[in-house]
Amino acid sequence: MPDHKLKIGIYELTGCAGDALLILDCEEELVNIFKAAKIEAFLMAKSDNNDDIELDVALVEGSVSTEKELKELLEIRKRSKALIAIGICAGLGGMQAQLSNAEVWGDNFTAVYGGVEMAHSKPLPSKPIGDFVKVDYYLPGCPIGKEQFLSTFARLLGGNPPELYRFPVCVECKWHENDCLLNKNVLCLGPLTGGGCGAVCLNHNLPCVGCWGPSEEANRTAEYQLLREKGYDPGHIKNKMANFSGTRIFEFFSQFKGDTK
Amino acid sequence: MKKIVIEHLARVEGNGGVTVTIDGNIVTDVKFLVNEGPRLVERLTLGKTPEEDVNLVPRICAICTISHKYAAIRAMEKALNVKVGPKVKLLRELMHLGEMVESHALHVFYLALPDYVGFPNAIAMASKFPFEVKIALEMKQFGNHIMKMMSGRYIHGENPVIGGFGKFPDRDELVWIKNRAIQFMPFVIKTVTLFAELPYPDVPESETLYACCNPPDKKYGIVGDDIILSNGDIIDVQDYKSLTNEFIVSHSFCKRSQYKGKPYSVGALARVNCLGERLEGEARKMYKKYFNARWTKNPLFNNAAQALELAYSFERIPEVVDSAVALPDEAIVPYGQKDGKGAGAVEAPRGTLFHAYEVTKGLVSHTDIITPTAQNAEDIERYCTITARKLLESGQEDKIKDRMELVIRAFDPCVSCSVHAVQVKKAPAEDWKAKIAKIKAGVSPLIVGIGSAGHSDDAAGLELARRLRLHGVKDVWVEDETLDRTADWEKDKRRPILFVDALDFGGPPGKITIITLQHAAWSAVLSHRLLPLVTNRISFDQLKNSYLLGIQPASLEEGAHMSEPVVLAVEQILDRLKN
């Protein structure tokens, strides 16, 4: 019988490997995941990896931070029908992309590694993978969510594109009937941040830190103005958002009207 | 020369590799590379608030997320003078034990065991070991459950904060954890037996120094305010730099550590070596039954030590729960201090993790993070060198690659932390010329000719020294002088030393090879008279920058004349070294 199973590769570039680990953390479903699809490459989980096979779907975690990784990414794209960026490092650059302004990055690199010339692979300022290759879908999150991953995986098996939450964390926070922290004058990034995490920090009485990146469908200008009216410093809000959203956040803020700071 | 390359180390966390270079029958170089791209985390925390720092730094590594968070919180609370209550302390220990269970179960069963039973991965292993795979999964799940309960989610939960927790778990949840831990005990004991009795090969046995946190009250544990070493030294965590002495090597984005000029190891095996006598209950019984001299020198026993720590963790969890449920929840401790400086250490599953911060006007002004894999990197390289050398000596070159993977994996390296794979390669033929050119471009080297006159080709080093002196080259010594002039060696600790000796590395007579002094020392190819000097008197920088230039002799028998190929080799080296 011919093998019709979906061929999937899971790859890690620079990051914390948390998205790959989260897939391993799908303990009960893991055996079924390996049965339902052909996992051709998954370095964290197995040593018999096929590195030159044509793939139906490549899942790529992490940002591009060396020339070697860039080469690897281009090569993965070439042999994959669909490429999905998993996690915020692949999607937005992640925390390491805060410093990707070339000048600042150079100084910082010298501050950490001194004058030692790196012999193995040329380091690059961290950038999201979408800066280099076409990305078909983005799974946000730091790390990605288990439910979100499993539903995406199931949809892929059926030949369907992922279906993701498009609303901000506030919506999920309301579902859990939490008191709004902004009303208690705690700076919370929930209104600006994409949902899907289940409003987990809010459920623990803690403000949203913005780790899923900017929300697509939030009324950004209004939400941002609300934070401004509460008296929060725009510099501080941007600094806080930039913690996880890397380079993308500057585009995000450039869209705001009436606040040039 | 030949190279064994493990380009992508599978079944480790993150992206790393190893390259071993072989010339004839000796190992000339071993490099443990971290290919994971640089993220400059220490820099990007600057200017953030302490709270933001605590949000960010766990993202260094998903497997050690709790350890990073905990170490950062400990350092920040030290810096800002925040004192938390007893329940917070206990529940932090619980979340940390959850990570220990999760990480150790994942590593011993899923990442390490497949090698010993001959499967490429744990899923394939399930066909023959369904019980082990299932129990491992349940243990890992249980560890994850604790982490999720305490931190808010499986990975990078934000519930632990400076001053306490956002939310405390219910009594019922805690009691469930306790009961589940007790239920696991029979399987945990089986796990210890399984991993303590695995047939670990002797290669790469070699003594090393171990370090770990020294828990208070003479107990076994995974945090402490000072560090204990297997030689008895105790170091205050605030003074962590005297242990770690970080430096940078050009072949890796992972910084390195050495203590008093020597590599040291951290991790479960280090903890069992330093603290094993403090174990209690079943873990103590298992320790007494299985611990022996091999555990003190064979890194492969880290797998057994991790299994033993599973027993410790499963016994400790019910105790922690019992103490915690008797105490009232505590509000997050507020703090007003805006400036301060402090370091915190915890035992991550794979070893001691340091975070140190300086806070100025409420913002982070200095960050220093030292991970276990960075501390282990030097010992990983050393053990790889020993493995490759011993297998080469016994004619098992084909086993080098697999055995080295076993060694590296046993360290449970977490490569993301430090910023996939073993490579064995033949050294390039003209390697020595390139390296000499590089040495000559820097600080002028001290050249030492080694050998004995009257033993045909063994006179090569002495002959070269004599000829260099005739050419007016300064600072050329011969072996005998060197022994009396060690004070001179220590004058300039950055100055490279170039030893020249007849070296039987299995090449054709007159072939020249070059070995970094560090690997020459680890490979025991140095003259026996010089070895103790090199390992005890030379600075660490020198060990890294100095070389042994070896000439393959045709004969070392008694005789007045050197063979023709060796004479030619001496001429070639002379050409390169004279001014």
# chains A, B, ... in the order shown; residues from 1 in each chain; ligands from 1
>>> residues_around(residues="B:Val478", least_positions_apart="2", cutoff="8 Å", atoms="only C-alpha atoms", output="list in words")
Val448, Gly449, Ile450, Gly461, Leu462, Ala465, Val476, Asp480, Glu481 and Thr482 of chain B
>>> residues_around(residues="A:Lys240", least_positions_apart="2", cutoff="9 Å", atoms="only C-alpha atoms", output="list in words")
Leu189, Val209, Gly210, Gly235, His236, Ile237, Lys238, Ala242, Asn243 and Phe244 of chain A; Lys48 and Glu52 of chain B
>>> closest_residue(among="B:Val101, B:Leu209, B:Val321, B:Ala124", to="B:Phe184", atoms="only C-alpha atoms")
B:Val101
>>> residues_around(residues="A:Glu54", least_positions_apart="4", cutoff="12 Å", atoms="only C-alpha atoms", output="VMD selection string")
chain A and resid 6 to 9 38 to 41 50 58 75 to 82
>>> write_last_selection(atoms="C-alpha atoms", output="mmCIF file, in the first residue's frame")
data_model
loop_
_atom_site.group_PDB
_atom_site.id
_atom_site.type_symbol
_atom_site.label_atom_id
_atom_site.label_comp_id
_atom_site.auth_asym_id
_atom_site.auth_seq_id
_atom_site.Cartn_x
_atom_site.Cartn_y
_atom_site.Cartn_z
ATOM 1 C CA LEU A 6 1.984 13.637 5.629
ATOM 2 C CA LYS A 7 5.766 14.164 5.719
ATOM 3 C CA ILE A 8 6.663 16.635 8.437
ATOM 4 C CA GLY A 9 9.998 18.071 9.567
ATOM 5 C CA LYS A 38 5.809 10.693 9.069
ATOM 6 C CA ILE A 39 8.053 12.808 11.265
ATOM 7 C CA GLU A 40 11.074 12.921 8.964
ATOM 8 C CA ALA A 41 13.184 15.240 11.068
ATOM 9 C CA ASN A 50 16.267 12.603 6.994
ATOM 10 C CA ALA A 58 8.169 22.131 7.764
ATOM 11 C CA GLU A 75 17.366 24.793 2.109
ATOM 12 C CA ILE A 76 14.371 23.739 4.251
ATOM 13 C CA ARG A 77 12.112 26.154 2.376
ATOM 14 C CA LYS A 78 13.236 24.713 -0.954
ATOM 15 C CA ARG A 79 12.097 21.206 -0.120
ATOM 16 C CA SER A 80 8.902 22.006 1.778
ATOM 17 C CA LYS A 81 5.426 22.525 0.335
ATOM 18 C CA ALA A 82 4.333 24.567 3.340
#
>>> closest_residue(among="A:Val200, A:Leu59, A:Cys170, A:Ala36", to="chain B", atoms="only C-alpha atoms")
A:Val200
>>> closest_residue(among="B:Ile22, B:Cys64, B:Leu194, B:Met76", to="B:Glu102", atoms="only C-alpha atoms")
B:Cys64
>>> select_by_dssp(residues="stretch 6-249 of chain A", states="strand (DSSP E or B)", output="ChimeraX atom specification")
/A:7-12,14,38-42,46,55-61,63-66,80-86,123-127,137-139,168,193-194,214
>>> write_last_selection(atoms="C-alpha atoms", output="PDB file, in the first residue's frame")
ATOM      1  CA  LYS A   7       5.766  14.164   5.719  1.00  0.00           C
ATOM      2  CA  ILE A   8       6.663  16.635   8.437  1.00  0.00           C
ATOM      3  CA  GLY A   9       9.998  18.071   9.567  1.00  0.00           C
ATOM      4  CA  ILE A  10      10.496  19.985  12.813  1.00  0.00           C
ATOM      5  CA  TYR A  11      13.535  22.274  12.917  1.00  0.00           C
ATOM      6  CA  GLU A  12      15.139  24.487  15.548  1.00  0.00           C
ATOM      7  CA  THR A  14      18.186  30.045  17.529  1.00  0.00           C
ATOM      8  CA  LYS A  38       5.809  10.693   9.069  1.00  0.00           C
ATOM      9  CA  ILE A  39       8.053  12.808  11.265  1.00  0.00           C
ATOM     10  CA  GLU A  40      11.074  12.921   8.964  1.00  0.00           C
ATOM     11  CA  ALA A  41      13.184  15.240  11.068  1.00  0.00           C
ATOM     12  CA  PHE A  42      12.915  16.200  14.725  1.00  0.00           C
ATOM     13  CA  LYS A  46      15.248  11.313  17.366  1.00  0.00           C
ATOM     14  CA  LEU A  55       8.460  17.604   2.984  1.00  0.00           C
ATOM     15  CA  ASP A  56       4.775  18.421   3.013  1.00  0.00           C
ATOM     16  CA  VAL A  57       5.129  20.660   6.035  1.00  0.00           C
ATOM     17  CA  ALA A  58       8.169  22.131   7.764  1.00  0.00           C
ATOM     18  CA  LEU A  59       7.735  23.575  11.254  1.00  0.00           C
ATOM     19  CA  VAL A  60      10.547  25.981  12.045  1.00  0.00           C
ATOM     20  CA  GLU A  61      11.301  27.346  15.483  1.00  0.00           C
ATOM     21  CA  SER A  63      15.208  33.174  14.710  1.00  0.00           C
ATOM     22  CA  VAL A  64      18.008  33.306  12.149  1.00  0.00           C
ATOM     23  CA  SER A  65      21.194  34.248  14.024  1.00  0.00           C
ATOM     24  CA  THR A  66      24.082  32.795  12.018  1.00  0.00           C
ATOM     25  CA  SER A  80       8.902  22.006   1.778  1.00  0.00           C
ATOM     26  CA  LYS A  81       5.426  22.525   0.335  1.00  0.00           C
ATOM     27  CA  ALA A  82       4.333  24.567   3.340  1.00  0.00           C
ATOM     28  CA  LEU A  83       6.438  26.294   5.952  1.00  0.00           C
ATOM     29  CA  ILE A  84       5.054  27.223   9.358  1.00  0.00           C
ATOM     30  CA  ALA A  85       6.882  29.519  11.763  1.00  0.00           C
ATOM     31  CA  ILE A  86       6.305  28.167  15.275  1.00  0.00           C
ATOM     32  CA  PRO A 123      26.913  35.478  13.622  1.00  0.00           C
ATOM     33  CA  LEU A 124      24.123  37.698  12.329  1.00  0.00           C
ATOM     34  CA  PRO A 125      21.757  40.023  14.165  1.00  0.00           C
ATOM     35  CA  SER A 126      18.673  37.908  14.993  1.00  0.00           C
ATOM     36  CA  LYS A 127      15.787  38.235  12.568  1.00  0.00           C
ATOM     37  CA  TYR A 137       1.483  30.280   8.436  1.00  0.00           C
ATOM     38  CA  TYR A 138       2.489  31.638  11.823  1.00  0.00           C
ATOM     39  CA  LEU A 139       1.790  29.917  15.132  1.00  0.00           C
ATOM     40  CA  PRO A 168      -6.405  39.929  22.074  1.00  0.00           C
ATOM     41  CA  THR A 193      -1.303  41.129  22.826  1.00  0.00           C
ATOM     42  CA  GLY A 194      -2.619  38.255  20.717  1.00  0.00           C
ATOM     43  CA  PRO A 214       0.883  41.958  18.994  1.00  0.00           C
TER      44      PRO A 214
END
>>> closest_residue(among="B:Gly157, B:Pro130, B:Gly395, B:Gly17", to="chain A", atoms="only C-alpha atoms")
B:Gly157
>>> select_by_dssp(residues="stretch 64-232 of chain A", states="alpha helix (DSSP H)", output="PyMOL selection string")
chain A and resi 67-78+87-92+102-113+146-157+169-175+200-203+220-229
>>> closest_residue(among="B:Lys285, B:Val84, B:Arg294, B:Asp368", to="chain A", atoms="only C-alpha atoms")
B:Asp368
>>> residues_around(residues="B:Gly224", least_positions_apart="4", cutoff="12 Å", atoms="only C-alpha atoms", output="number ranges by chain")
B: 70-71, 74-75, 93, 212-220, 228, 234-238, 343-347, 352-354
>>> atom_distance(atom1="atom CA of B:Lys69", atom2="atom CA of B:Val364")
15.6 Å
>>> residues_around(residues="A:Trp175", least_positions_apart="2", cutoff="12 Å", atoms="only C-alpha atoms", output="list of chain:residue names")
A:Val169, A:Cys170, A:Val171, A:Glu172, A:Cys173, A:Glu177, A:Asn178, A:Asp179, A:Cys180, A:Gly195, A:Gly198, A:Ala199, A:Val200, A:Leu202, A:Asn203
>>> closest_residue(among="B:Met125, B:Ala521, B:Val175, B:Ala268", to="chain A", atoms="only C-alpha atoms")
B:Met125
